[in-house]
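**Q** To be precise about what I am sending: the file is called final35.csv and holds CSV, C-alpha atoms and all ligand atoms.
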chain,number,residue,atom,x,y,z
A,68,MET,CA,56.6,163.8,2.2
A,69,SER,CA,55.5,160.3,1.2
A,70,VAL,CA,56.7,158.4,-1.9
A,71,VAL,CA,53.1,158.3,-3.2
A,72,GLU,CA,53.0,162.1,-3.4
A,73,ASP,CA,56.4,162.5,-4.9
A,74,THR,CA,56.6,159.8,-7.6
A,75,LYS,CA,54.3,160.6,-10.5
A,76,THR,CA,56.4,159.4,-13.4
A,77,SER,CA,54.0,158.6,-16.1
A,78,GLY,CA,53.8,155.1,-17.6
A,79,VAL,CA,54.9,153.4,-14.4
A,80,ASP,CA,52.7,151.3,-12.2
A,81,ARG,CA,52.9,151.6,-8.5
A,82,VAL,CA,53.6,149.0,-6.0
A,83,PRO,CA,50.1,148.2,-4.8
A,84,SER,CA,50.7,148.2,-1.0
A,85,ARG,CA,52.2,151.4,0.5
A,86,LYS,CA,50.8,151.0,4.0
A,87,LEU,CA,54.2,150.9,5.7
A,88,LEU,CA,55.3,154.1,4.0
A,89,ALA,CA,52.5,156.1,5.4
A,90,ALA,CA,53.7,155.1,8.9
A,91,GLU,CA,57.4,155.4,8.3
A,92,PRO,CA,58.6,158.8,7.0
A,93,LEU,CA,61.5,158.7,4.6
A,94,ASP,CA,65.0,159.7,5.9
A,95,ALA,CA,66.9,162.7,4.5
A,96,LEU,CA,69.0,160.6,2.0
A,97,SER,CA,65.8,159.1,0.5
A,98,ARG,CA,64.2,162.5,0.3
A,99,GLU,CA,67.2,163.8,-1.5
A,100,ILE,CA,67.1,161.0,-4.0
A,101,LEU,CA,63.4,161.7,-4.7
A,102,ALA,CA,64.2,165.4,-5.2
A,103,VAL,CA,67.0,164.6,-7.8
A,104,LYS,CA,64.6,162.1,-9.4
A,105,LYS,CA,62.1,164.9,-10.0
A,106,ARG,CA,64.7,167.2,-11.4
A,107,LEU,CA,65.9,164.6,-13.9
A,108,ASN,CA,62.4,163.3,-14.8
A,109,ALA,CA,63.8,159.9,-13.8
A,110,VAL,CA,62.1,156.7,-12.9
A,111,ILE,CA,63.5,154.3,-10.3
A,112,LEU,CA,63.0,150.6,-11.1
A,113,ALA,CA,64.0,148.1,-8.4
A,114,HIS,CA,64.2,144.3,-8.3
A,115,ASN,CA,62.5,142.4,-5.5
A,116,TYR,CA,65.9,141.4,-4.1
A,117,GLN,CA,67.1,145.0,-3.5
A,118,VAL,CA,67.7,146.1,0.1
A,119,PRO,CA,64.4,147.4,1.8
A,120,GLU,CA,65.5,151.1,1.8
A,121,ILE,CA,65.9,151.0,-2.0
A,122,GLN,CA,62.6,149.1,-2.5
A,123,ASP,CA,60.9,151.9,-0.4
A,124,ILE,CA,62.0,154.7,-2.7
A,125,ALA,CA,61.3,153.0,-6.0
A,126,ASP,CA,58.5,153.8,-8.5
A,127,TYR,CA,58.2,150.1,-9.3
A,128,VAL,CA,59.4,147.0,-7.5
A,129,GLY,CA,59.1,143.7,-9.3
A,130,ASP,CA,60.5,140.7,-11.0
A,131,SER,CA,62.6,140.6,-14.2
A,132,LEU,CA,59.5,140.4,-16.4
A,133,GLY,CA,57.7,143.3,-14.7
A,134,LEU,CA,60.8,145.4,-14.8
A,135,SER,CA,61.3,144.8,-18.5
A,136,GLN,CA,57.6,145.7,-19.1
A,137,GLN,CA,58.0,148.9,-17.1
A,138,ALA,CA,61.2,149.8,-19.0
A,139,ALA,CA,59.5,149.2,-22.3
A,140,LYS,CA,56.7,151.7,-21.5
A,141,THR,CA,58.3,154.4,-19.4
A,142,ASN,CA,58.2,158.1,-20.5
A,143,ALA,CA,61.0,159.1,-18.1
A,144,ASP,CA,64.2,160.7,-19.5
A,145,VAL,CA,66.5,158.8,-17.2
A,146,ILE,CA,66.1,155.2,-15.9
A,147,VAL,CA,67.7,154.4,-12.6
A,148,PHE,CA,68.0,150.7,-12.5
A,149,CYS,CA,68.4,149.1,-9.1
A,150,GLY,CA,69.1,145.5,-9.8
A,151,VAL,CA,72.0,143.8,-11.5
A,152,HIS,CA,73.9,144.7,-14.7
A,153,PHE,CA,72.0,142.5,-17.1
A,154,MET,CA,68.7,144.0,-16.0
A,155,ALA,CA,69.9,147.6,-16.6
A,156,GLU,CA,71.3,146.4,-20.0
A,157,THR,CA,67.8,145.1,-20.9
A,158,ALA,CA,66.3,148.5,-20.1
A,159,LYS,CA,68.9,150.2,-22.3
A,160,ILE,CA,68.2,147.8,-25.2
A,161,LEU,CA,64.5,148.7,-25.0
A,162,ASN,CA,65.4,152.5,-24.6
A,163,PRO,CA,68.5,153.2,-26.7
A,164,GLY,CA,67.8,156.9,-26.7
A,165,LYS,CA,67.5,157.2,-22.9
A,166,VAL,CA,70.1,157.5,-20.2
A,167,VAL,CA,70.2,154.3,-18.0
A,168,VAL,CA,72.2,154.5,-14.8
A,169,LEU,CA,72.9,151.8,-12.2
A,170,PRO,CA,74.3,152.1,-8.7
A,171,ASP,CA,77.1,149.6,-9.2
A,172,ARG,CA,78.5,148.5,-12.6
A,173,ASP,CA,80.0,145.4,-11.0
A,174,ALA,CA,76.7,144.0,-9.9
A,175,GLY,CA,76.8,140.8,-12.1
A,176,CYS,CA,75.2,137.4,-11.9
A,177,SER,CA,76.6,133.9,-11.8
A,178,LEU,CA,74.2,132.8,-14.6
A,179,GLU,CA,75.5,135.6,-16.9
A,180,GLU,CA,79.1,134.6,-16.1
A,181,SER,CA,78.4,131.0,-16.9
A,182,CYS,CA,77.5,131.7,-20.5
A,183,PRO,CA,80.0,133.7,-22.6
A,184,ALA,CA,78.7,134.6,-26.1
A,185,GLU,CA,81.6,132.8,-27.9
A,186,LYS,CA,80.8,129.5,-26.1
A,187,LEU,CA,77.1,129.8,-26.9
A,188,ALA,CA,77.9,130.6,-30.6
A,189,ALA,CA,80.1,127.5,-30.7
A,190,LEU,CA,77.3,125.3,-29.4
A,191,GLN,CA,74.7,126.8,-31.7
A,192,ALA,CA,77.0,126.0,-34.6
A,193,THR,CA,76.8,122.3,-33.8
A,194,ASN,CA,73.0,122.2,-34.7
A,195,PRO,CA,71.5,124.6,-37.3
A,196,ASN,CA,68.0,123.5,-36.1
A,197,PHE,CA,68.5,124.8,-32.6
A,198,TYR,CA,65.9,127.4,-31.5
A,199,THR,CA,67.6,129.3,-28.6
A,200,ILE,CA,65.5,130.3,-25.7
A,201,THR,CA,67.6,132.4,-23.3
A,202,TYR,CA,66.8,133.3,-19.7
A,203,ILE,CA,67.0,137.1,-19.3
A,204,ASN,CA,69.9,136.6,-16.8
A,205,CYS,CA,72.6,136.9,-19.5
A,206,SER,CA,74.7,139.5,-21.3
A,207,ALA,CA,73.4,141.7,-24.2
A,208,ALA,CA,75.8,139.8,-26.5
A,209,VAL,CA,74.1,136.5,-25.6
A,210,LYS,CA,70.7,138.0,-26.0
A,211,ALA,CA,71.8,139.1,-29.5
A,212,LEU,CA,72.5,135.4,-30.3
A,213,SER,CA,69.0,134.3,-29.1
A,214,ASP,CA,65.7,133.6,-30.8
A,215,VAL,CA,63.6,134.6,-27.8
A,216,ILE,CA,64.2,135.7,-24.2
A,217,CYS,CA,62.3,134.5,-21.2
A,218,THR,CA,62.1,135.2,-17.5
A,219,SER,CA,61.1,132.9,-14.7
A,220,GLY,CA,57.6,134.5,-14.9
A,221,ASN,CA,56.9,133.6,-18.5
A,222,ALA,CA,59.4,130.7,-19.3
A,223,VAL,CA,56.6,128.1,-19.6
A,224,LYS,CA,54.6,130.3,-22.0
A,225,ILE,CA,57.6,131.1,-24.1
A,226,VAL,CA,58.6,127.4,-24.4
A,227,GLN,CA,55.0,126.5,-25.3
A,228,ALA,CA,55.0,129.1,-28.0
A,229,ALA,CA,58.3,127.8,-29.6
A,230,PRO,CA,58.2,126.3,-33.1
A,231,LYS,CA,57.3,122.6,-32.9
A,232,ASP,CA,59.8,121.6,-35.7
A,233,ARG,CA,62.9,123.1,-33.9
A,234,ASP,CA,65.3,121.6,-31.4
A,235,LEU,CA,65.1,123.7,-28.3
A,236,LEU,CA,68.3,125.0,-26.6
A,237,PHE,CA,67.7,126.6,-23.2
A,238,VAL,CA,70.4,128.8,-21.7
A,239,PRO,CA,71.9,129.5,-19.2
A,240,ASP,CA,70.0,128.1,-16.1
A,241,GLU,CA,69.8,124.3,-16.0
A,242,ASN,CA,67.4,124.3,-13.0
A,243,LEU,CA,64.9,126.7,-14.6
A,244,GLY,CA,65.2,124.8,-17.8
A,245,GLY,CA,64.6,121.5,-16.1
A,246,TRP,CA,61.5,122.9,-14.3
A,247,VAL,CA,60.2,124.2,-17.7
A,248,MET,CA,60.7,120.8,-19.3
A,249,GLU,CA,58.7,119.2,-16.4
A,250,GLN,CA,55.9,121.8,-17.0
A,251,THR,CA,55.7,121.6,-20.8
A,252,GLY,CA,56.9,118.1,-21.6
A,253,ARG,CA,59.1,119.5,-24.3
A,254,PRO,CA,62.6,118.2,-24.4
A,255,MET,CA,65.4,120.8,-24.4
A,256,THR,CA,69.2,120.8,-24.5
A,257,LEU,CA,70.2,122.6,-21.3
A,258,TRP,CA,73.2,124.9,-20.7
A,259,LYS,CA,74.9,123.9,-17.4
A,260,GLY,CA,74.6,127.3,-15.6
A,261,GLN,CA,73.3,127.8,-12.1
A,262,CYS,CA,72.3,130.7,-9.8
A,263,TYR,CA,75.0,130.4,-7.0
A,264,VAL,CA,72.4,131.5,-4.4
A,265,HIS,CA,69.5,129.3,-5.3
A,266,VAL,CA,71.5,126.1,-5.4
A,267,GLU,CA,72.4,126.7,-1.7
A,268,TRP,CA,69.1,125.3,-0.5
A,269,THR,CA,69.2,121.6,0.1
A,270,HIS,CA,66.6,118.9,0.3
A,271,ALA,CA,67.7,118.2,3.9
A,272,ALA,CA,67.6,121.8,5.1
A,273,ILE,CA,64.1,122.4,3.6
A,274,HIS,CA,62.9,119.1,5.0
A,275,ARG,CA,63.9,120.2,8.5
A,276,ILE,CA,62.2,123.6,8.3
A,277,ARG,CA,59.1,122.0,7.0
A,278,GLN,CA,59.0,119.7,10.0
A,279,GLU,CA,59.5,122.7,12.3
A,280,HIS,CA,56.5,124.5,10.7
A,281,PRO,CA,54.2,121.6,9.7
A,282,GLY,CA,51.3,123.8,8.5
A,283,ALA,CA,53.4,126.3,6.5
A,284,PRO,CA,53.5,125.9,2.7
A,285,LEU,CA,56.8,126.3,0.9
A,286,VAL,CA,57.2,128.6,-2.1
A,287,ALA,CA,60.4,128.2,-4.1
A,288,HIS,CA,62.0,129.9,-7.1
A,289,PRO,CA,62.5,127.7,-10.2
A,290,GLU,CA,66.3,128.4,-10.0
A,291,CYS,CA,66.3,126.0,-7.0
A,292,THR,CA,67.4,122.4,-7.6
A,293,LYS,CA,64.9,119.7,-8.4
A,294,ALA,CA,65.4,118.2,-5.0
A,295,VAL,CA,64.1,121.4,-3.4
A,296,ARG,CA,61.4,122.1,-5.9
A,297,MET,CA,60.0,118.6,-5.2
A,298,LEU,CA,59.2,119.7,-1.6
A,299,ALA,CA,57.5,123.0,-2.7
A,300,ASP,CA,53.8,123.7,-2.7
A,301,GLU,CA,54.4,126.4,-5.4
A,302,VAL,CA,57.3,127.1,-7.7
A,303,CYS,CA,57.2,130.5,-9.3
A,304,SER,CA,58.9,133.8,-10.1
A,305,THR,CA,59.3,136.4,-7.4
A,306,GLU,CA,56.3,138.5,-8.6
A,307,LYS,CA,54.1,135.4,-8.7
A,308,MET,CA,55.1,134.7,-5.2
A,309,VAL,CA,53.4,137.9,-4.1
A,310,ALA,CA,50.1,136.9,-5.8
A,311,TRP,CA,50.3,133.3,-4.5
A,312,CYS,CA,51.0,134.4,-0.9
A,313,LYS,CA,48.2,136.9,-1.0
A,314,ALA,CA,45.7,134.3,-2.2
A,315,SER,CA,46.9,131.6,0.3
A,316,ALA,CA,44.9,131.0,3.4
A,317,ALA,CA,48.1,130.1,5.3
A,318,LYS,CA,49.2,132.5,8.0
A,319,ALA,CA,52.9,131.4,7.8
A,320,ILE,CA,54.7,130.7,4.6
A,321,ILE,CA,58.3,129.4,4.0
A,322,ILE,CA,60.1,131.2,1.2
A,323,ALA,CA,63.1,129.7,-0.8
A,324,THR,CA,64.5,132.7,-2.7
A,325,GLU,CA,66.8,135.6,-2.1
A,326,ALA,CA,66.3,137.4,1.2
A,327,GLY,CA,65.2,140.7,-0.3
A,328,MET,CA,61.9,139.1,-1.3
A,329,LEU,CA,60.8,138.9,2.3
A,330,HIS,CA,60.6,142.7,2.6
A,331,ARG,CA,58.4,142.9,-0.4
A,332,LEU,CA,56.2,140.0,0.8
A,333,GLN,CA,55.8,141.5,4.3
A,334,LYS,CA,54.7,144.8,2.8
A,335,GLU,CA,52.2,143.2,0.5
A,336,CYS,CA,50.9,140.7,3.1
A,337,PRO,CA,51.3,142.5,6.5
A,338,ASP,CA,49.2,140.0,8.3
A,339,LYS,CA,51.3,136.9,7.4
A,340,ILE,CA,54.5,135.6,8.7
A,341,PHE,CA,57.3,134.8,6.2
A,342,ILE,CA,60.0,132.3,7.1
A,343,ALA,CA,63.2,132.5,5.2
A,344,ALA,CA,64.1,128.9,4.1
A,345,PRO,CA,67.5,128.2,5.8
A,346,THR,CA,70.6,127.3,3.7
A,347,GLU,CA,73.2,125.1,5.2
A,348,ARG,CA,75.6,128.0,5.5
A,349,CYS,CA,75.0,131.4,7.2
A,350,ARG,CA,73.5,134.3,5.1
A,351,CYS,CA,73.9,132.3,1.9
A,352,ASN,CA,70.4,133.5,0.8
A,353,GLU,CA,71.7,137.0,0.0
A,354,CYS,CA,72.9,137.6,-3.6
A,355,ARG,CA,76.2,139.4,-3.3
A,356,PHE,CA,75.6,141.2,-6.6
A,357,MET,CA,72.1,142.4,-5.7
A,358,LYS,CA,73.4,143.6,-2.3
A,359,MET,CA,76.2,145.8,-3.9
A,360,ASN,CA,73.6,148.5,-4.3
A,361,THR,CA,73.0,151.0,-1.5
A,362,LEU,CA,71.1,154.2,-1.1
A,363,GLU,CA,74.4,156.2,-1.3
A,364,LYS,CA,75.2,154.6,-4.6
A,365,VAL,CA,71.7,155.4,-5.9
A,366,LEU,CA,72.2,159.1,-5.1
A,367,ASP,CA,75.7,159.1,-6.6
A,368,CYS,CA,74.6,157.5,-9.9
A,369,MET,CA,71.8,160.0,-10.3
A,370,THR,CA,73.9,163.0,-9.3
A,371,ASN,CA,76.8,162.1,-11.6
A,372,LEU,CA,74.7,160.3,-14.3
A,373,LYS,CA,77.2,157.5,-14.1
A,374,PRO,CA,77.9,154.6,-14.3
A,375,GLN,CA,75.7,154.5,-17.4
A,376,VAL,CA,74.9,151.5,-19.5
A,377,ASP,CA,76.7,151.9,-22.9
A,378,LEU,CA,76.2,149.3,-25.6
A,379,ASP,CA,77.3,148.8,-29.2
A,380,PRO,CA,74.3,149.9,-31.4
A,381,ALA,CA,74.7,146.7,-33.5
A,382,ILE,CA,74.3,144.5,-30.3
A,383,ILE,CA,71.2,146.6,-29.3
A,384,ALA,CA,69.6,146.2,-32.7
A,385,ARG,CA,70.1,142.4,-32.6
A,386,ALA,CA,69.2,141.9,-28.9
A,387,ARG,CA,66.0,143.9,-29.1
A,388,LEU,CA,64.2,141.5,-31.4
A,389,PRO,CA,64.2,138.5,-29.0
A,390,ILE,CA,63.2,140.7,-26.1
A,391,GLN,CA,60.3,142.2,-28.0
A,392,ARG,CA,59.3,138.7,-29.1
A,393,MET,CA,59.2,137.7,-25.4
A,394,LEU,CA,57.1,140.8,-24.5
A,395,GLU,CA,54.7,140.1,-27.3
A,396,ILE,CA,54.3,136.4,-26.4
A,397,SER,CA,53.9,137.3,-22.7
A,398,ALA,CA,51.0,139.7,-23.6
A,399,ARG,CA,49.1,137.0,-25.5
A,400,PRO,CA,46.1,135.5,-23.7
A,401,LEU,CA,46.9,132.1,-22.3
A,402,GLU,CA,44.8,130.1,-24.8
A,403,ASN,CA,46.7,131.5,-27.8
A,404,ALA,CA,50.2,131.1,-26.2
A,405,GLY,CA,50.9,127.6,-27.6
B,1,LIG,P1,62.7,136.9,-11.0
B,1,LIG,O1,62.5,137.3,-12.4
B,1,LIG,O2,61.8,135.8,-10.6
B,1,LIG,O3,62.5,138.1,-10.1
B,1,LIG,O4,64.1,136.3,-10.8
B,1,LIG,C1,65.3,137.0,-11.1
B,1,LIG,C2,66.5,136.5,-10.5
B,1,LIG,O5,67.6,136.9,-10.7
B,1,LIG,C3,66.3,135.3,-9.6
B,1,LIG,O6,67.5,135.0,-9.0
B,2,LIG,FE1,72.0,136.1,-10.6
B,2,LIG,FE2,71.3,134.4,-8.7
B,2,LIG,FE3,71.9,136.9,-8.1
B,2,LIG,FE4,69.6,136.3,-9.4
B,2,LIG,S1,70.1,135.7,-7.3
B,2,LIG,S2,71.0,138.0,-9.9
B,2,LIG,S3,70.3,134.6,-10.6
B,2,LIG,S4,73.3,135.4,-8.9
Could you express the structure from this file as structure tokens?
Ligand code: 13P
Ligand code: SF4

**A**
Amino acid sequence: MSVVEDTKTSGVDRVPSRKLLAAEPLDALSREILAVKKRLNAVILAHNYQVPEIQDIADYVGDSLGLSQQAAKTNADVIVFCGVHFMAETAKILNPGKVVVLPDRDAGCSLEESCPAEKLAALQATNPNFYTITYINCSAAVKALSDVICTSGNAVKIVQAAPKDRDLLFVPDENLGGWVMEQTGRPMTLWKGQCYVHVEWTHAAIHRIRQEHPGAPLVAHPECTKAVRMLADEVCSTEKMVAWCKASAAKAIIIATEAGMLHRLQKECPDKIFIAAPTERCRCNECRFMKMNTLEKVLDCMTNLKPQVDLDPAIIARARLPIQRMLEISARPLENAG
């Protein structure tokens, strides 16, 4: 049985390339997960950083923006969110009446940790003219304090659409915020948070790998430091990496983002070679939070319907507005974004 035959959950787009699945039959555990999924009328959403075997059983694999868009339109009764906790929370905020389960409740994020709601509220209180643009990598309580949410896939558009008479406060990723300032020319006060994975790439290590592969372009995530972004041919979200690599004439491409992305890219572009940009230390390009999820935990959370995301209804009501504002701005044609 192939995934294509078994996953017909309405309202969910498919990963375009399924060539590898036709050649590689699913193992018994994966088939069991798909059977439980059918019984529950569930949808499995997976981030691009998930382990290959989870990506291969998901209905949709994508970046934070795509996953939010899928969560907003799904007709499934149960959402199985294979990513990190804040992503599953976002799905619950958009679907308060649905059951949202995740394989591991402890799958956090260093950016989320860097920005507790009380500290953000204290900073906001120092300037009533602040307009708070919050990267989706944060808690529901922080979303509830925000004017608008963004992802790496739409941050430039969201900042361009921000009111011109307000002082912009961008939280919690200072590297993404710095990159957006470069792109838009709009000054912003930046929260000093970082992705602990993406700051592992250094200018020196990237410089070395570029010398080893002189013809290969470098694609980097905007959570990387400026010193690394400066060496990149393209800086973009994980989903835009897929489109960029497909369109590129290059046969070999260096990728500076979490290691799970290489599986997705290899499936989408089977004729290209993807080179994981090296960090100075071994295996530092794997996010320990994203890698907490396993196929076993996916089956367990579906069988037991726990852990579930459970949020205070008042937080859900306040956090939904800035997420919906993001989805609405994101859907606007480019010329009307500003
Ligand atoms: P994307 O939205 O680009 O997938 O990024 C999410 C993330 O957590 C990057 O570390
Ligand atoms: Fe958070 Fe970084 Fe992991 Fe993404 S890769 S979930 S930003 S810690």

**Q** Please list as a PyMOL selection string every residue within 8 Å of Met328 of chain A, counting all atoms listed in the file and excluding residues in the same chain fewer than 2 positions away.

**A** chain A and resi 115-116+305+324-326+330-332

**Q** Within 7 Å of ligand LIG 2 (chain B), counting only C-alpha atoms and all ligand atoms: which residues, as a PyMOL selection string?

**A** chain A and resi 151+175-178+204+262-265+325+354-357

**Q** Show me a table, sorted first by chain and then by increasing residue number, of the residues of chain A having an atom at most 6 Å from ligand LIG 1 (chain B), each with its shortest atom pair and the distance in Å to one decimal, counting all atoms listed in the file and written as CSV.

**A**
residue,atom,partner,partner_atom,distance
A:Asp130,CA,B:LIG1,O3,3.4
A:Ser131,CA,B:LIG1,O1,3.8
A:Leu132,CA,B:LIG1,O1,5.9
A:Thr218,CA,B:LIG1,O1,5.5
A:Ser219,CA,B:LIG1,O2,5.1
A:Ser304,CA,B:LIG1,O2,3.6
A:Thr305,CA,B:LIG1,O2,4.1

**Q** To one decimal in Å, tell me the separation between atom CA of Val286 of chain A and atom CA of Gln333 of chain A.

**A** 14.5 Å

**Q** Go ahead and compute the interatomic distance for atom CA of Asn108 of chain A and atom CA of Phe153 of chain A, in Å to one decimal.

**A**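 Separation between atom CA of Asn108 of chain A and atom CA of Phe153 of chain A: 23.0 Å.
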
**Q** Please report the interatomic distance between atom CA of Gly129 of chain A and atom CA of His114 of chain A in Å with one decimal.

**A**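 Between these atoms lies a distance of 5.2 Å.
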
**Q** May I have the residues within 6 Å of segment 390-404 of chain A as a ChimeraX atom specification, using all atoms listed in the file and disregarding those fewer than 4 positions away in the same chain?

**A** /A:215-216,228

**Q** Which residues come within 8 Å of Leu243 of chain A, counting only C-alpha atoms, excluding same-chain residues fewer than 4 positions away, as a list of chain:residue names?

**A**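 Selected residues are A:Ser219, A:Val247, A:Pro289, A:Glu290, A:Cys291.
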
**Q** Got a sec: who's within 8 Å of Thr157 of chain A, counting all atoms listed in the file, leaving out chain neighbours fewer than 3 positions off, as a ChimeraX atom specification?

**A** /A:135,153-154,160-161,207

**Q** Take the selection from the previous step and output its residues with C-alpha atoms, as a PDB file, keeping the file's coordinate frame.

**A**
ATOM      1  CA  SER A 135      61.300 144.800 -18.500  1.00  0.00           C
ATOM      2  CA  PHE A 153      72.000 142.500 -17.100  1.00  0.00           C
ATOM      3  CA  MET A 154      68.700 144.000 -16.000  1.00  0.00           C
ATOM      4  CA  ILE A 160      68.200 147.800 -25.200  1.00  0.00           C
ATOM      5  CA  LEU A 161      64.500 148.700 -25.000  1.00  0.00           C
ATOM      6  CA  ALA A 207      73.400 141.700 -24.200  1.00  0.00           C
TER       7      ALA A 207
END

**Q** Nearest residue to Leu298 of chain A out of A:Pro183, A:Gly133, A:Pro337, A:Pro284, using only C-alpha atoms?

**A**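 Smallest distance to Leu298 of chain A is found for A:Pro284.
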
**Q** How would segment 100-114 of chain A read, as a JSON list (two decimals), in the frame of the given file, once N, CA, C and O atoms are built in?

**A**
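Output below, filename out_22.json:
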[["chain", "number", "residue", "atom", "x", "y", "z"],
["A", 100, "ILE", "N", 67.15, 161.79, -2.78],
["A", 100, "ILE", "CA", 67.10, 161.00, -4.00],
["A", 100, "ILE", "C", 65.79, 161.31, -4.76],
["A", 100, "ILE", "O", 65.80, 161.49, -5.99],
["A", 101, "LEU", "N", 64.70, 161.44, -4.05],
["A", 101, "LEU", "CA", 63.40, 161.70, -4.70],
["A", 101, "LEU", "C", 63.42, 163.13, -5.33],
["A", 101, "LEU", "O", 62.83, 163.36, -6.39],
["A", 102, "ALA", "N", 64.13, 164.06, -4.69],
["A", 102, "ALA", "CA", 64.20, 165.40, -5.20],
["A", 102, "ALA", "C", 65.03, 165.41, -6.55],
["A", 102, "ALA", "O", 64.65, 166.02, -7.55],
["A", 103, "VAL", "N", 66.15, 164.68, -6.54],
["A", 103, "VAL", "CA", 67.00, 164.60, -7.80],
["A", 103, "VAL", "C", 66.19, 163.87, -8.86],
["A", 103, "VAL", "O", 66.23, 164.25, -10.03],
["A", 104, "LYS", "N", 65.45, 162.89, -8.47],
["A", 104, "LYS", "CA", 64.60, 162.10, -9.40],
["A", 104, "LYS", "C", 63.66, 163.08, -10.16],
["A", 104, "LYS", "O", 63.51, 163.03, -11.38],
["A", 105, "LYS", "N", 63.05, 163.95, -9.40],
["A", 105, "LYS", "CA", 62.10, 164.90, -10.00],
["A", 105, "LYS", "C", 62.77, 165.82, -10.97],
["A", 105, "LYS", "O", 62.29, 166.05, -12.07],
["A", 106, "ARG", "N", 63.94, 166.32, -10.55],
["A", 106, "ARG", "CA", 64.70, 167.20, -11.40],
["A", 106, "ARG", "C", 65.09, 166.58, -12.73],
["A", 106, "ARG", "O", 65.07, 167.21, -13.79],
["A", 107, "LEU", "N", 65.46, 165.31, -12.67],
["A", 107, "LEU", "CA", 65.90, 164.60, -13.90],
["A", 107, "LEU", "C", 64.79, 164.03, -14.71],
["A", 107, "LEU", "O", 65.02, 163.53, -15.80],
["A", 108, "ASN", "N", 63.57, 164.08, -14.23],
["A", 108, "ASN", "CA", 62.40, 163.30, -14.80],
["A", 108, "ASN", "C", 62.88, 161.86, -14.96],
["A", 108, "ASN", "O", 62.86, 161.28, -16.05],
["A", 109, "ALA", "N", 63.30, 161.29, -13.84],
["A", 109, "ALA", "CA", 63.80, 159.90, -13.80],
["A", 109, "ALA", "C", 62.74, 158.97, -13.27],
["A", 109, "ALA", "O", 61.77, 159.41, -12.62],
["A", 110, "VAL", "N", 62.94, 157.70, -13.54],
["A", 110, "VAL", "CA", 62.10, 156.70, -12.90],
["A", 110, "VAL", "C", 63.07, 155.70, -12.21],
["A", 110, "VAL", "O", 64.14, 155.39, -12.75],
["A", 111, "ILE", "N", 62.70, 155.27, -11.02],
["A", 111, "ILE", "CA", 63.50, 154.30, -10.30],
["A", 111, "ILE", "C", 62.86, 152.95, -10.32],
["A", 111, "ILE", "O", 61.74, 152.78, -9.82],
["A", 112, "LEU", "N", 63.54, 151.99, -10.97],
["A", 112, "LEU", "CA", 63.00, 150.60, -11.10],
["A", 112, "LEU", "C", 63.89, 149.75, -10.14],
["A", 112, "LEU", "O", 65.12, 149.82, -10.19],
["A", 113, "ALA", "N", 63.26, 148.93, -9.32],
["A", 113, "ALA", "CA", 64.00, 148.10, -8.40],
["A", 113, "ALA", "C", 63.56, 146.66, -8.40],
["A", 113, "ALA", "O", 62.35, 146.38, -8.43],
["A", 114, "HIS", "N", 64.53, 145.75, -8.37],
["A", 114, "HIS", "CA", 64.20, 144.30, -8.30],
["A", 114, "HIS", "C", 63.78, 143.95, -6.87],
["A", 114, "HIS", "O", 64.21, 144.59, -5.90]]
